[in-house]
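Working notes for the structure below.
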Amino acid sequence: GIFQEHPLHYSSNMKAFLFVLLFALLTNLSLANEEESCNMTTTTNNTTTTTTITTTLVVGATGATGRQVVQMLLDRGQKVRTVARSKARMEGLITGDFGDRLEVTEATLLDLSQTKLEEITRGCDAVVSCLGHNMDMKGIYGHPRMLVTDATKRLTTAIGSQKTKFILMGSNGVSNPNGEDNKRPFHERAVIFLLRYMVPPVADNEQAALYLYNLGGTGPEWLVLRPDDLIDADVSKYDLLVKPKHGLFGAGIATRANVAHSMVEFILNDDQWQKWKYQMPVINNFVEEQAQAKKE
């Protein structure tokens, strides 16, 4: 298969050339043909009002998106559990005093025993994974190579078949395994092929999505959210699409705040969840918002 653990071997000059090419393309990666439209779109930035108190485990909570998921949930009166290497750092990233509504397990996620994972997921209404690899040499080529996939497997196993939502932050650079994304042009497929072999996080994200797809309805209910190119900005209107609508070099943008907001809405708005569960929606800023963000 194409998802092999060992990379191909290249000469030093070829590696150097490909590294420059691949790093230039990483932030612009999307896999769809721009000419075909998506058949279901939700445009929103509505915030659900609820008196129900939920408990959500957020992993990758110290990252640029994960910390916003934690903050938004706490600001809306919800309970949050996190796993972080440093409790002090995690608490320092959050604005406000939320008392016992924020629980921090001080550990590296994959170092936790399966029994401990079952304990911290027990009673959770949702589990959100914003895990990702740091975009430096150690993050890309160091261990764990399959951080996202391994965490997804272990967390969904810990959850079991209970009525807990599992939300994975993926990437617009990952095709939906159902085969319904628009077919990429040949030159884009060639670039993705190289990325898959030479940049381990690409294969990791693909494998995590494939694992959930193959899981189907036999475990927890799940959703993979695929953002366009990520930027920092406030919450604004955004689109949720069944599949990408941009090509490899014409990707849209999605603010991290919008990604976090949509995840919180999936947790607190059951109608929204029922519409999108077992799917891999693409999120990008509403087209007018994208134009304004690019001007700024």
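Just so we're on the same page: first chain in the structure tokens is A, next is B, and so on; residues restart at 1 for each chain, and ligands are numbered from 1 in the order they show up.
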(request) Assign secondary structure with DSSP using the backbone only, and return the residues of segment 70-215 of chain A in strand (DSSP E) as a list of chain:residue names. (result)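 Residues of segment 70-215 of chain A classed as strand (DSSP E): A:Lys79, A:Val80, A:Arg81, A:Thr82, A:Val83, A:Ala84, A:Leu102, A:Glu103, A:Val104, A:Thr105, A:Glu106, A:Ala126, A:Val127, A:Val128, A:Ser129, A:Lys165, A:Phe166, A:Ile167, A:Leu168, A:Met169.
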Residue subset to file, keeping C-alpha atoms, as a PDB file, in the first residue's frame:
ATOM      1  CA  LYS A  79     -16.450  21.421  32.206  1.00  0.00           C
ATOM      2  CA  VAL A  80     -13.160  20.586  30.511  1.00  0.00           C
ATOM      3  CA  ARG A  81     -10.528  17.923  31.075  1.00  0.00           C
ATOM      4  CA  THR A  82      -7.124  18.159  29.426  1.00  0.00           C
ATOM      5  CA  VAL A  83      -3.885  16.218  29.226  1.00  0.00           C
ATOM      6  CA  ALA A  84      -0.766  18.391  29.165  1.00  0.00           C
ATOM      7  CA  LEU A 102     -10.903  22.743  34.418  1.00  0.00           C
ATOM      8  CA  GLU A 103      -9.103  19.488  35.209  1.00  0.00           C
ATOM      9  CA  VAL A 104      -5.537  18.976  33.974  1.00  0.00           C
ATOM     10  CA  THR A 105      -3.860  15.572  33.907  1.00  0.00           C
ATOM     11  CA  GLU A 106      -0.132  16.277  33.824  1.00  0.00           C
ATOM     12  CA  ALA A 126     -17.162  14.604  23.969  1.00  0.00           C
ATOM     13  CA  VAL A 127     -13.487  14.064  23.262  1.00  0.00           C
ATOM     14  CA  VAL A 128     -11.715  16.573  21.018  1.00  0.00           C
ATOM     15  CA  SER A 129      -8.308  15.886  19.476  1.00  0.00           C
ATOM     16  CA  LYS A 165     -18.729  12.373  20.523  1.00  0.00           C
ATOM     17  CA  PHE A 166     -15.201  12.095  19.130  1.00  0.00           C
ATOM     18  CA  ILE A 167     -14.023  15.107  17.114  1.00  0.00           C
ATOM     19  CA  LEU A 168     -10.709  14.995  15.272  1.00  0.00           C
ATOM     20  CA  MET A 169      -9.045  18.086  13.865  1.00  0.00           C
TER      21      MET A 169
END
(request) Extract, using only C-alpha atoms, all DNA, RNA and protein residues at most 6 Å from Gly219 of chain A, discarding same-chain residues fewer than 2 positions from it, and format them as a list in words. (result) Gly160, Ser161 and Gly217 of chain A
Skip Leu155 of chain A itself and residues of its chain fewer than 6 positions away, then list as a PDB file with N, CA, C and O atoms, in the first residue's frame all residues within 10 Å of it, counting only C-alpha atoms.
ATOM      1  N   VAL A  59      -7.524  17.010  23.950  1.00  0.00           N
ATOM      2  CA  VAL A  59      -6.099  16.685  23.857  1.00  0.00           C
ATOM      3  C   VAL A  59      -5.492  17.549  22.757  1.00  0.00           C
ATOM      4  O   VAL A  59      -6.150  17.908  21.801  1.00  0.00           O
ATOM      5  N   LEU A 109       0.295  12.267  26.558  1.00  0.00           N
ATOM      6  CA  LEU A 109      -0.888  11.445  26.283  1.00  0.00           C
ATOM      7  C   LEU A 109      -0.550   9.988  26.013  1.00  0.00           C
ATOM      8  O   LEU A 109      -1.114   9.077  26.624  1.00  0.00           O
ATOM      9  N   LEU A 110       0.370   9.726  25.097  1.00  0.00           N
ATOM     10  CA  LEU A 110       0.650   8.348  24.706  1.00  0.00           C
ATOM     11  C   LEU A 110       1.407   7.572  25.772  1.00  0.00           C
ATOM     12  O   LEU A 110       1.559   6.347  25.661  1.00  0.00           O
ATOM     13  N   GLN A 114      -3.767   2.448  29.210  1.00  0.00           N
ATOM     14  CA  GLN A 114      -5.114   2.384  28.671  1.00  0.00           C
ATOM     15  C   GLN A 114      -6.145   2.506  29.788  1.00  0.00           C
ATOM     16  O   GLN A 114      -7.211   3.105  29.602  1.00  0.00           O
ATOM     17  N   LEU A 117      -6.540   6.159  30.462  1.00  0.00           N
ATOM     18  CA  LEU A 117      -7.323   6.800  29.399  1.00  0.00           C
ATOM     19  C   LEU A 117      -8.811   6.505  29.586  1.00  0.00           C
ATOM     20  O   LEU A 117      -9.658   7.376  29.368  1.00  0.00           O
ATOM     21  N   GLU A 118      -9.126   5.282  29.962  1.00  0.00           N
ATOM     22  CA  GLU A 118     -10.529   4.941  30.221  1.00  0.00           C
ATOM     23  C   GLU A 118     -11.074   5.761  31.381  1.00  0.00           C
ATOM     24  O   GLU A 118     -12.231   6.200  31.363  1.00  0.00           O
ATOM     25  N   ILE A 120     -10.062   8.875  32.363  1.00  0.00           N
ATOM     26  CA  ILE A 120     -10.252  10.302  32.067  1.00  0.00           C
ATOM     27  C   ILE A 120     -11.301  10.545  30.980  1.00  0.00           C
ATOM     28  O   ILE A 120     -11.798  11.660  30.841  1.00  0.00           O
ATOM     29  N   THR A 121     -11.647   9.495  30.205  1.00  0.00           N
ATOM     30  CA  THR A 121     -12.733   9.658  29.235  1.00  0.00           C
ATOM     31  C   THR A 121     -14.094   9.277  29.813  1.00  0.00           C
ATOM     32  O   THR A 121     -15.129   9.638  29.245  1.00  0.00           O
ATOM     33  N   VAL A 127     -14.952  14.048  23.245  1.00  0.00           N
ATOM     34  CA  VAL A 127     -13.487  14.064  23.262  1.00  0.00           C
ATOM     35  C   VAL A 127     -13.041  14.772  21.994  1.00  0.00           C
ATOM     36  O   VAL A 127     -13.479  14.417  20.892  1.00  0.00           O
ATOM     37  N   VAL A 128     -12.195  15.789  22.150  1.00  0.00           N
ATOM     38  CA  VAL A 128     -11.715  16.573  21.018  1.00  0.00           C
ATOM     39  C   VAL A 128     -10.204  16.394  20.902  1.00  0.00           C
ATOM     40  O   VAL A 128      -9.473  16.594  21.879  1.00  0.00           O
ATOM     41  N   SER A 129      -9.738  16.018  19.717  1.00  0.00           N
ATOM     42  CA  SER A 129      -8.308  15.886  19.476  1.00  0.00           C
ATOM     43  C   SER A 129      -7.828  16.983  18.539  1.00  0.00           C
ATOM     44  O   SER A 129      -8.208  17.018  17.363  1.00  0.00           O
ATOM     45  N   THR A 149      -2.697   9.267  14.751  1.00  0.00           N
ATOM     46  CA  THR A 149      -3.361   7.979  14.551  1.00  0.00           C
ATOM     47  C   THR A 149      -3.366   7.146  15.828  1.00  0.00           C
ATOM     48  O   THR A 149      -4.402   6.586  16.218  1.00  0.00           O
ATOM     49  N   PHE A 166     -16.646  11.975  19.348  1.00  0.00           N
ATOM     50  CA  PHE A 166     -15.201  12.095  19.130  1.00  0.00           C
ATOM     51  C   PHE A 166     -14.975  13.003  17.930  1.00  0.00           C
ATOM     52  O   PHE A 166     -15.437  12.718  16.822  1.00  0.00           O
ATOM     53  N   PRO A 220     -17.531   4.983  19.138  1.00  0.00           N
ATOM     54  CA  PRO A 220     -18.198   6.257  19.428  1.00  0.00           C
ATOM     55  C   PRO A 220     -18.573   6.981  18.143  1.00  0.00           C
ATOM     56  O   PRO A 220     -17.995   6.734  17.078  1.00  0.00           O
TER      57      PRO A 220
END
(request) Would you mind telling me which residue in A:Thr115, A:Gln78, A:Gln207, A:Thr49 lies nearest to Thr157 of chain A when using only C-alpha atoms? (result)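 Closest to Thr157 of chain A, using only C-alpha atoms: A:Thr115.
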(request) Would you please work out which residue, of A:Asn176, A:Asp125, A:Ala233, A:Val69, is nearest to Asp270 of chain A when using only C-alpha atoms? (result)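 Going through A:Asn176, A:Asp125, A:Ala233, A:Val69 one by one, the smallest distance to Asp270 of chain A is for A:Asp125.
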(request) Pull the helix (DSSP H, G or I) assignments for segment 114-189 of chain A out of DSSP run on the backbone, and list those residues as a VMD selection string. (result) chain A and resid 114 to 121 137 to 141 147 to 159 186 to 189
(request) For each of A:Ala254, A:Ala107, A:Ile94, A:Met280, take the minimum atom-to-atom distance to Leu223 of chain A, counting only C-alpha atoms, then give the residue where this is smallest. (result) A:Met280
(message) Quick check, in Å to one decimal: how far apart do atom CA of Leu212 of chain A and atom CA of Trp273 of chain A lie?
(response)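 Between these atoms lies a distance of 16.2 Å.
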(message) Could you check the closest approach to Asp150 of chain A for each of A:Lys87, A:Thr164, A:His187, A:Gly132 and tell me which residue wins, using only C-alpha atoms?
(response)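 Residue with the minimum atom-to-atom distance to Asp150 of chain A: A:Gly132.
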(request) Give the answer as one residue: which of A:Val287, A:Leu210, A:Cys130, A:Ile53 has the shortest atom-to-atom distance to Met263 of chain A, using only C-alpha atoms? (result)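 Result for the nearest residue to Met263 of chain A: A:Cys130.
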Contacts of Val259 of chain A at 12 Å or less, counting only C-alpha atoms, minus same-chain residues fewer than 4 places along, as a compact mmCIF listing (two decimals) with N, CA and C atoms, in the first residue's frame?
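New file selection_27.txt:
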# COMPACT_ATOMS: atom_id res chain seq x y z
N THR A 44 -22.31 29.76 8.99
CA THR A 44 -22.75 30.08 10.34
C THR A 44 -21.65 30.72 11.15
N ASN A 45 -21.99 31.42 12.18
CA ASN A 45 -21.13 31.70 13.33
C ASN A 45 -22.03 31.84 14.55
N ALA A 64 -2.38 25.98 19.36
CA ALA A 64 -3.01 27.25 18.98
C ALA A 64 -4.52 27.13 18.81
N THR A 65 -5.00 25.98 18.39
CA THR A 65 -6.45 25.77 18.25
C THR A 65 -7.04 25.13 19.50
N GLY A 66 -6.36 24.13 20.04
CA GLY A 66 -6.87 23.42 21.21
C GLY A 66 -7.14 24.33 22.39
N ARG A 67 -6.25 25.29 22.63
CA ARG A 67 -6.45 26.20 23.78
C ARG A 67 -7.70 27.04 23.60
N GLN A 68 -8.06 27.34 22.34
CA GLN A 68 -9.27 28.12 22.09
C GLN A 68 -10.52 27.28 22.31
N VAL A 69 -10.44 25.99 22.00
CA VAL A 69 -11.56 25.09 22.30
C VAL A 69 -11.80 25.07 23.80
N MET A 72 -13.27 28.51 25.01
CA MET A 72 -14.67 28.72 24.62
C MET A 72 -15.62 27.86 25.44
N VAL A 128 -12.19 15.79 22.15
CA VAL A 128 -11.71 16.57 21.02
C VAL A 128 -10.20 16.39 20.90
N CYS A 130 -7.00 17.87 19.07
CA CYS A 130 -6.34 18.90 18.26
C CYS A 130 -4.85 18.61 18.18
N ILE A 167 -14.27 14.12 18.17
CA ILE A 167 -14.02 15.11 17.11
C ILE A 167 -12.53 15.21 16.88
N LEU A 168 -12.12 14.94 15.65
CA LEU A 168 -10.71 14.99 15.27
C LEU A 168 -10.47 16.20 14.38
N MET A 169 -9.48 17.00 14.74
CA MET A 169 -9.04 18.09 13.86
C MET A 169 -8.10 17.51 12.83
N GLY A 170 -8.56 17.49 11.59
CA GLY A 170 -7.75 16.95 10.51
C GLY A 170 -7.16 18.06 9.66
N SER A 171 -7.20 17.88 8.37
CA SER A 171 -6.63 18.84 7.45
C SER A 171 -7.35 18.75 6.12
N VAL A 224 -14.55 14.22 11.58
CA VAL A 224 -13.24 14.78 11.28
C VAL A 224 -13.45 16.15 10.65
N LEU A 225 -12.96 17.19 11.30
CA LEU A 225 -13.09 18.55 10.79
C LEU A 225 -11.83 18.90 10.01
N ARG A 226 -12.00 19.27 8.73
CA ARG A 226 -10.85 19.52 7.85
C ARG A 226 -10.75 21.02 7.54
N PRO A 227 -9.88 21.75 8.24
CA PRO A 227 -9.75 23.18 7.97
C PRO A 227 -8.98 23.45 6.69
N ASP A 228 -9.30 24.59 6.05
CA ASP A 228 -8.43 25.15 5.03
C ASP A 228 -7.22 25.75 5.73
N ASP A 229 -6.38 26.50 5.01
CA ASP A 229 -5.16 27.07 5.60
C ASP A 229 -5.50 27.88 6.84
N LEU A 230 -4.81 27.58 7.94
CA LEU A 230 -5.14 28.18 9.22
C LEU A 230 -4.47 29.54 9.41
N ILE A 231 -5.24 30.50 9.93
CA ILE A 231 -4.72 31.82 10.27
C ILE A 231 -5.27 32.20 11.65
N ASP A 232 -4.69 33.23 12.24
CA ASP A 232 -5.17 33.74 13.52
C ASP A 232 -6.05 34.96 13.28
N ALA A 233 -7.27 34.89 13.76
CA ALA A 233 -8.22 36.00 13.68
C ALA A 233 -9.41 35.65 14.57
N ASP A 234 -10.31 36.61 14.77
CA ASP A 234 -11.46 36.39 15.63
C ASP A 234 -12.50 35.50 14.94
N VAL A 235 -13.48 35.05 15.72
CA VAL A 235 -14.59 34.28 15.18
C VAL A 235 -15.36 35.13 14.17
N SER A 236 -15.69 34.52 13.05
CA SER A 236 -16.45 35.21 12.00
C SER A 236 -17.36 34.18 11.33
N LYS A 237 -18.08 34.57 10.30
CA LYS A 237 -18.88 33.60 9.56
C LYS A 237 -17.96 32.59 8.87
N TYR A 238 -18.41 31.35 8.83
CA TYR A 238 -17.63 30.33 8.14
C TYR A 238 -18.56 29.33 7.49
N ASP A 239 -18.02 28.62 6.50
CA ASP A 239 -18.76 27.59 5.78
C ASP A 239 -18.31 26.21 6.23
N LEU A 240 -19.27 25.31 6.35
CA LEU A 240 -18.99 23.89 6.51
C LEU A 240 -19.41 23.20 5.22
N ILE A 253 -9.03 29.94 3.45
CA ILE A 253 -8.48 30.09 4.77
C ILE A 253 -9.54 29.79 5.82
N ALA A 254 -9.07 29.44 6.99
CA ALA A 254 -9.96 29.21 8.14
C ALA A 254 -9.25 29.74 9.37
N THR A 255 -9.92 30.58 10.13
CA THR A 255 -9.30 31.05 11.36
C THR A 255 -9.36 29.94 12.40
N MET A 263 -16.13 23.35 16.56
CA MET A 263 -16.03 22.16 17.41
C MET A 263 -16.93 22.28 18.64
N VAL A 264 -16.93 23.45 19.26
CA VAL A 264 -17.78 23.68 20.42
C VAL A 264 -19.25 23.55 20.03
N GLU A 265 -19.61 24.05 18.86
CA GLU A 265 -20.99 23.93 18.39
C GLU A 265 -21.38 22.47 18.15
N PHE A 266 -20.45 21.68 17.63
CA PHE A 266 -20.74 20.26 17.45
C PHE A 266 -21.00 19.58 18.79
N PRO A 281 -16.41 17.15 7.35
CA PRO A 281 -16.66 18.47 6.76
C PRO A 281 -15.39 19.31 6.66
N VAL A 282 -15.36 20.10 5.60
CA VAL A 282 -14.30 21.09 5.40
C VAL A 282 -14.80 22.42 5.94
N ILE A 283 -13.95 23.13 6.67
CA ILE A 283 -14.33 24.43 7.19
C ILE A 283 -13.44 25.49 6.56
N ASN A 284 -14.08 26.53 6.02
CA ASN A 284 -13.32 27.70 5.60
C ASN A 284 -14.12 28.96 5.87
N ASN A 285 -13.43 30.07 5.96
CA ASN A 285 -14.09 31.32 6.23
C ASN A 285 -15.07 31.65 5.11
(message) Report, in Å with one decimal, the straight-line distance from atom CA of Thr95 of chain A to atom CA of Leu74 of chain A.
(response)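 Going from atom CA of Thr95 of chain A over to atom CA of Leu74 of chain A, I get 9.6 Å.
Between atom CA of Phe98 of chain A and atom CA of Val58 of chain A the interatomic distance comes to 15.8 Å.
Residue neighbourhood of Pro177 of chain A, excluding near-sequence residues (fewer than 2 positions): Ser175, Gly179, Leu210 and Tyr213 of chain A, at 7 Å, using only C-alpha atoms.
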